[in-house]
2 protein chains.
Amino acid sequence: MKNTRPIGIFDSGVGGLTVLRQVEKLLPRENIVYFGDTARVPYGNKSRAAVLRFSAESFRFLTEKKVKMGIVACNTSSSLALMSLRRMFPFPVLGVVEAGVRGALRRTRKKRIGVIGTRATIKSGSYERAILRQEPKAKIFSEACPLFVPLAEEGITRGNLVQQVIDRYLRGMRSHRIDTLILGCTHYPLLKTALSRYFGAATEIVDSAEEVALFTRKILEEYEIKGSPRRKGKVEFYVSDEPEGFSRMAGLFLRRKVLVPKVVYVSH
Amino acid sequence: MKNTRPIGIFDSGVGGLTVLRQVEKLLPRENIVYFGDTARVPYGNKSRAAVLRFSAESFRFLTEKKVKMGIVACNTSSSLALMSLRRMFPFPVLGVVEAGVRGALRRTRKKRIGVIGTRATIKSGSYERAILRQEPKAKIFSEACPLFVPLAEEGITRGNLVQQVIDRYLRGMRSHRIDTLILGCTHYPLLKTALSRYFGAATEIVDSAEEVALFTRKILEEYEIKGSPRRKGKVEFYVSDEPEGFSRMAGLFLRRKVLVPKVVYVSH
């Protein structure tokens, strides 16, 4: 029995396209509906109450699109709203945080794990809790890096300026000799090369987007809701604010052109 | 006849506190209601439609507070929504753009004026139009500087990193030997020292916040709606998202402590 209903991917904005890209690559036959809450982006500096409200409103839109499962691509929303979303919606909901943690635990040898993300993600302690639940002996070092998102969105992803900003935030973490670094924000894969250079080859970098794709396949198999094996999947894009900026940045994140997304006002 | 109703100051977030600070200083006997739309900040990367909608919703809240005039402290909103707000609301509405332009035209000698702001402000061409209306011979050089806001909010306002970011955006503008630079974003006064250092003493820097305060006094006099001369004014703070981040940053912008603001959901 095949299930051709779409997978829903929700992000606060454009960053979740790094997740879409990996899901498309691994599961090319699935239909996908992407929703970016570009009217209220970013979530990383908002309160828990606001993130809960915005996430639920966004998921209500995905429900209208009859998705068979939902992926919370936004780390801030995964950190603050995942449990609420699971209670509120009747389909499997997967978050980037648990996916990133799975990837890190599979790779770490010394159990010295670094986590970087927005202020809200780091403050929530979500990665820390999820890691310690599965690996109580892990040593975790976390740091909020608020300038990384604007740097990535400006297309400034390598060079001296980037290394200086990285050094400003992560000098302490590097001195703790972590062997695994979780990129706890959808924008950060754009800085992966610069971060690799900073931490050196002894530190493995976990891109949650890749892990989400693997985890998504597992859920589709477990729930027996995989799409048709015969034809290529369709991807639809929706945003809550006018699509110009979205299209401009989509190329950076997705490395291919995106049809102009449709605008929906989720808060009304 | 004295009018003790408050002056309303609206901003997309915390940046408008630079305006509040100057208004308080010049008009210490006025009551003020400040509203920051922290649930949807920033406006600088949103569409015209979204900025219009958010601004009108925010002004509706100020109307409930029975303000005698409204100040649009947000440059993006001033650039995109001022005329609509004037049509929609029955009290005088003043924007930072016109105030900044007044200040620049008073100071420039060579009529070579630089304007910096968010992407939305610069793209709107609002400063350019306002300057040319009054001074058709002016030469105007504009540049969007999206990293300045996150730098200011991170408290990174001087040093090598800041000079590098400034150089990245403004090397071209400096080569045009402007004699006046308008800070077209409420956050930018925090980078004033760094910008002065970059442009040198021959370039005067116009902080729109100071100009708004002067312009506000003029409006109060013209409309004969000045407050009581006898007692110190009261300031009330409201935000559309939980106040923690607001309070954390208020010190940076206002250089004094702020009572915890009240939360109002303007979009409902």
# chains A, B, ... in the order shown; residues from 1 in each chain; ligands from 1
>>> residues_around(residues="stretch 132-142 of chain A", least_positions_apart="6", cutoff="7 Å", atoms="only C-alpha atoms", output="number ranges by chain")
A: 111-116, 122, 173
>>> write_last_selection(atoms="N, CA and C atoms", output="short mmCIF file (atom, residue, chain, number, x, y, z; two decimals), in the first residue's frame")
data_model
loop_
_atom_site.label_atom_id
_atom_site.label_comp_id
_atom_site.auth_asym_id
_atom_site.auth_seq_id
_atom_site.Cartn_x
_atom_site.Cartn_y
_atom_site.Cartn_z
N LYS A 111 33.02 11.04 23.40
CA LYS A 111 31.80 11.56 24.03
C LYS A 111 31.95 13.02 24.49
N ARG A 112 32.76 13.76 23.78
CA ARG A 112 32.90 15.20 24.02
C ARG A 112 32.24 15.91 22.83
N ILE A 113 31.04 16.43 23.09
CA ILE A 113 30.19 16.91 22.00
C ILE A 113 29.93 18.41 22.13
N GLY A 114 30.13 19.12 21.04
CA GLY A 114 29.81 20.55 21.01
C GLY A 114 28.46 20.76 20.33
N VAL A 115 27.71 21.75 20.81
CA VAL A 115 26.43 22.10 20.19
C VAL A 115 26.41 23.61 19.97
N ILE A 116 26.11 24.03 18.74
CA ILE A 116 25.96 25.46 18.48
C ILE A 116 24.58 25.72 17.87
N ILE A 122 19.92 27.18 22.33
CA ILE A 122 20.93 26.85 23.34
C ILE A 122 20.35 27.02 24.75
N MET A 173 35.15 26.60 23.25
CA MET A 173 34.73 25.25 22.89
C MET A 173 35.87 24.47 22.27
#
>>> interface_residues(of="chain A", to="chain B", cutoff="10 Å", atoms="only C-alpha atoms", output="mmCIF file with N, CA and C atoms, in the first residue's frame")
data_model
loop_
_atom_site.group_PDB
_atom_site.id
_atom_site.type_symbol
_atom_site.label_atom_id
_atom_site.label_comp_id
_atom_site.auth_asym_id
_atom_site.auth_seq_id
_atom_site.Cartn_x
_atom_site.Cartn_y
_atom_site.Cartn_z
ATOM 1 N N THR A 38 7.982 33.123 6.857
ATOM 2 C CA THR A 38 8.870 34.259 6.581
ATOM 3 C C THR A 38 8.349 35.596 7.109
ATOM 4 N N ALA A 39 7.058 35.650 7.476
ATOM 5 C CA ALA A 39 6.530 36.902 8.033
ATOM 6 C C ALA A 39 7.034 37.129 9.452
ATOM 7 N N ARG A 40 7.436 36.037 10.129
ATOM 8 C CA ARG A 40 7.798 36.184 11.534
ATOM 9 C C ARG A 40 9.193 35.682 11.830
ATOM 10 N N VAL A 41 9.917 35.302 10.775
ATOM 11 C CA VAL A 41 11.299 34.866 10.939
ATOM 12 C C VAL A 41 12.115 36.004 11.533
ATOM 13 N N PRO A 42 13.121 35.812 12.337
ATOM 14 C CA PRO A 42 13.573 34.537 12.892
ATOM 15 C C PRO A 42 12.862 34.187 14.205
ATOM 16 N N TYR A 43 12.839 32.906 14.541
ATOM 17 C CA TYR A 43 12.290 32.480 15.833
ATOM 18 C C TYR A 43 13.352 32.529 16.948
ATOM 19 N N ASN A 45 15.217 34.487 18.447
ATOM 20 C CA ASN A 45 15.249 35.494 19.509
ATOM 21 C C ASN A 45 13.853 35.761 20.062
ATOM 22 N N LYS A 46 12.926 34.831 19.832
ATOM 23 C CA LYS A 46 11.563 35.017 20.342
ATOM 24 C C LYS A 46 11.355 34.157 21.592
ATOM 25 N N SER A 47 10.229 34.401 22.269
ATOM 26 C CA SER A 47 9.945 33.659 23.501
ATOM 27 C C SER A 47 9.382 32.281 23.199
ATOM 28 N N ARG A 48 9.367 31.426 24.223
ATOM 29 C CA ARG A 48 8.761 30.103 24.103
ATOM 30 C C ARG A 48 7.293 30.215 23.688
ATOM 31 N N ALA A 49 6.564 31.146 24.324
ATOM 32 C CA ALA A 49 5.132 31.299 24.015
ATOM 33 C C ALA A 49 4.932 31.653 22.544
ATOM 34 N N ALA A 50 5.736 32.577 22.046
ATOM 35 C CA ALA A 50 5.598 32.991 20.645
ATOM 36 C C ALA A 50 5.946 31.828 19.716
ATOM 37 N N VAL A 51 7.020 31.112 20.011
ATOM 38 C CA VAL A 51 7.446 30.006 19.143
ATOM 39 C C VAL A 51 6.378 28.906 19.120
ATOM 40 N N PHE A 54 3.394 30.318 16.942
ATOM 41 C CA PHE A 54 3.728 30.379 15.517
ATOM 42 C C PHE A 54 3.844 28.966 14.926
ATOM 43 N N CYS A 145 25.456 31.303 18.805
ATOM 44 C CA CYS A 145 26.271 32.044 17.821
ATOM 45 C C CYS A 145 25.363 32.932 16.966
ATOM 46 N N PRO A 146 24.742 33.970 17.567
ATOM 47 C CA PRO A 146 23.711 34.740 16.853
ATOM 48 C C PRO A 146 24.158 35.382 15.539
ATOM 49 N N LEU A 147 25.445 35.612 15.341
ATOM 50 C CA LEU A 147 25.866 36.256 14.086
ATOM 51 C C LEU A 147 25.952 35.281 12.908
ATOM 52 N N PHE A 148 25.918 33.980 13.176
ATOM 53 C CA PHE A 148 26.091 33.022 12.073
ATOM 54 C C PHE A 148 24.949 33.112 11.053
ATOM 55 N N VAL A 149 23.710 33.290 11.537
ATOM 56 C CA VAL A 149 22.582 33.345 10.601
ATOM 57 C C VAL A 149 22.689 34.548 9.654
ATOM 58 N N PRO A 150 22.855 35.768 10.188
ATOM 59 C CA PRO A 150 23.005 36.888 9.247
ATOM 60 C C PRO A 150 24.213 36.737 8.329
ATOM 61 N N LEU A 151 25.304 36.182 8.807
ATOM 62 C CA LEU A 151 26.452 35.948 7.916
ATOM 63 C C LEU A 151 26.055 35.023 6.772
ATOM 64 N N GLU A 153 23.095 34.394 5.613
ATOM 65 C CA GLU A 153 22.109 35.018 4.727
ATOM 66 C C GLU A 153 22.734 36.097 3.856
ATOM 67 N N GLU A 154 23.838 36.657 4.299
ATOM 68 C CA GLU A 154 24.572 37.617 3.481
ATOM 69 C C GLU A 154 25.480 36.924 2.485
ATOM 70 N N ASN A 160 38.446 35.651 6.178
ATOM 71 C CA ASN A 160 38.964 36.163 7.438
ATOM 72 C C ASN A 160 37.869 36.623 8.395
ATOM 73 N N LEU A 161 36.888 37.334 7.860
ATOM 74 C CA LEU A 161 35.807 37.853 8.695
ATOM 75 C C LEU A 161 35.075 36.711 9.400
ATOM 76 N N VAL A 162 34.758 35.673 8.644
ATOM 77 C CA VAL A 162 34.045 34.519 9.202
ATOM 78 C C VAL A 162 34.901 33.830 10.277
ATOM 79 N N GLN A 164 37.118 35.138 12.147
ATOM 80 C CA GLN A 164 37.135 35.984 13.346
ATOM 81 C C GLN A 164 35.871 35.832 14.171
ATOM 82 N N VAL A 165 34.716 35.786 13.481
ATOM 83 C CA VAL A 165 33.457 35.634 14.208
ATOM 84 C C VAL A 165 33.412 34.264 14.883
ATOM 85 N N ARG A 168 35.548 34.257 17.935
ATOM 86 C CA ARG A 168 34.931 35.014 19.012
ATOM 87 C C ARG A 168 33.953 34.148 19.830
ATOM 88 N N SER A 240 4.722 32.725 4.511
ATOM 89 C CA SER A 240 3.713 33.599 5.119
ATOM 90 C C SER A 240 3.951 35.071 4.787
ATOM 91 N N ASP A 241 5.023 35.361 4.079
ATOM 92 C CA ASP A 241 5.249 36.726 3.603
ATOM 93 C C ASP A 241 5.654 36.660 2.139
ATOM 94 N N GLU A 242 5.614 37.785 1.486
ATOM 95 C CA GLU A 242 5.857 37.800 0.041
ATOM 96 C C GLU A 242 7.181 37.143 -0.298
ATOM 97 N N PRO A 243 7.202 36.491 -1.423
ATOM 98 C CA PRO A 243 8.206 35.468 -1.707
ATOM 99 C C PRO A 243 9.531 35.964 -2.266
ATOM 100 N N GLU A 244 9.695 37.265 -2.426
ATOM 101 C CA GLU A 244 10.866 37.735 -3.149
ATOM 102 C C GLU A 244 12.182 37.360 -2.444
ATOM 103 N N GLY A 245 12.257 37.710 -1.158
ATOM 104 C CA GLY A 245 13.462 37.394 -0.395
ATOM 105 C C GLY A 245 13.699 35.898 -0.340
ATOM 106 N N PHE A 246 12.603 35.157 -0.225
ATOM 107 C CA PHE A 246 12.698 33.699 -0.176
ATOM 108 C C PHE A 246 13.361 33.156 -1.432
ATOM 109 N N TYR A 265 -1.457 33.543 4.717
ATOM 110 C CA TYR A 265 -1.385 34.249 5.995
ATOM 111 C C TYR A 265 -1.834 33.317 7.100
ATOM 112 N N SER A 267 -1.580 33.516 10.325
ATOM 113 C CA SER A 267 -2.031 34.005 11.630
ATOM 114 C C SER A 267 -3.466 34.507 11.576
ATOM 115 N N HIS A 268 -4.101 34.406 10.419
ATOM 116 C CA HIS A 268 -5.466 34.939 10.337
ATOM 117 C C HIS A 268 -6.486 33.838 10.147
#
>>> select_by_dssp(residues="stretch 1-43 of chain A", states="alpha helix (DSSP H)", output="list in words")
Leu17, Thr18, Val19, Leu20, Arg21, Gln22, Val23, Glu24, Lys25 and Leu26 of chain A
>>> atom_distance(atom1="atom CA of A:Ala194", atom2="atom CA of A:Arg158")
5.7 Å
>>> atom_distance(atom1="atom CA of B:Met88", atom2="atom CA of B:Pro28")
28.6 Å
>>> atom_distance(atom1="atom CA of B:Ala209", atom2="atom CA of B:Gly70")
14.3 Å
>>> closest_residue(among="A:Asp179, A:Glu236, A:Glu210, A:Glu98", to="A:Ile9", atoms="only C-alpha atoms")
A:Glu236
>>> select_by_dssp(residues="stretch 22-182 of chain B", states="strand (DSSP E)", output="VMD selection string")
chain B and resid 32 to 36 69 to 72 93 to 95 112 to 117 139 to 144 180 to 182
>>> residues_around(residues="A:Arg256", least_positions_apart="2", cutoff="12 Å", atoms="only C-alpha atoms", output="JSON, numbers by chain")
{"A": [17, 18, 20, 21, 247, 248, 249, 250, 251, 252, 253, 254, 258, 259]}
>>> residues_around(residues="B:Ala152", least_positions_apart="4", cutoff="8 Å", atoms="only C-alpha atoms", output="mmCIF file with C-alpha atoms, in the first residue's frame")
data_model
loop_
_atom_site.group_PDB
_atom_site.id
_atom_site.type_symbol
_atom_site.label_atom_id
_atom_site.label_comp_id
_atom_site.auth_asym_id
_atom_site.auth_seq_id
_atom_site.Cartn_x
_atom_site.Cartn_y
_atom_site.Cartn_z
ATOM 1 C CA PHE B 148 24.930 46.065 11.467
ATOM 2 C CA ILE B 156 29.842 44.255 19.198
ATOM 3 C CA THR B 157 30.145 47.948 18.380
ATOM 4 C CA HIS B 187 20.230 50.377 15.693
ATOM 5 C CA TYR B 188 22.993 52.234 13.937
ATOM 6 C CA LEU B 190 25.283 52.185 18.538
ATOM 7 C CA LEU B 191 27.901 52.006 15.763
#
>>> residues_around(residues="stretch 197-208 of chain B", least_positions_apart="5", cutoff="6 Å", atoms="only C-alpha atoms", output="number ranges by chain")
B: 100, 179-183
>>> closest_residue(among="B:Gly172, B:Gly8, B:Gly117, B:Gly233", to="B:Glu30", atoms="only C-alpha atoms")
B:Gly233
>>> closest_atom_pairs(of="stretch 80-111 of chain A", to="stretch 63-67 of chain A", cutoff="12 Å", atoms="only C-alpha atoms", output="Markdown table")
| residue | atom | partner | partner_atom | distance |
| --- | --- | --- | --- | --- |
| A:Leu85 | CA | A:Thr63 | CA | 11.6 |
| A:Met88 | CA | A:Thr63 | CA | 10.8 |
| A:Phe89 | CA | A:Thr63 | CA | 8.0 |
| A:Pro90 | CA | A:Thr63 | CA | 9.1 |
| A:Phe91 | CA | A:Val67 | CA | 7.9 |
| A:Pro92 | CA | A:Val67 | CA | 9.8 |
| A:Val93 | CA | A:Val67 | CA | 10.5 |
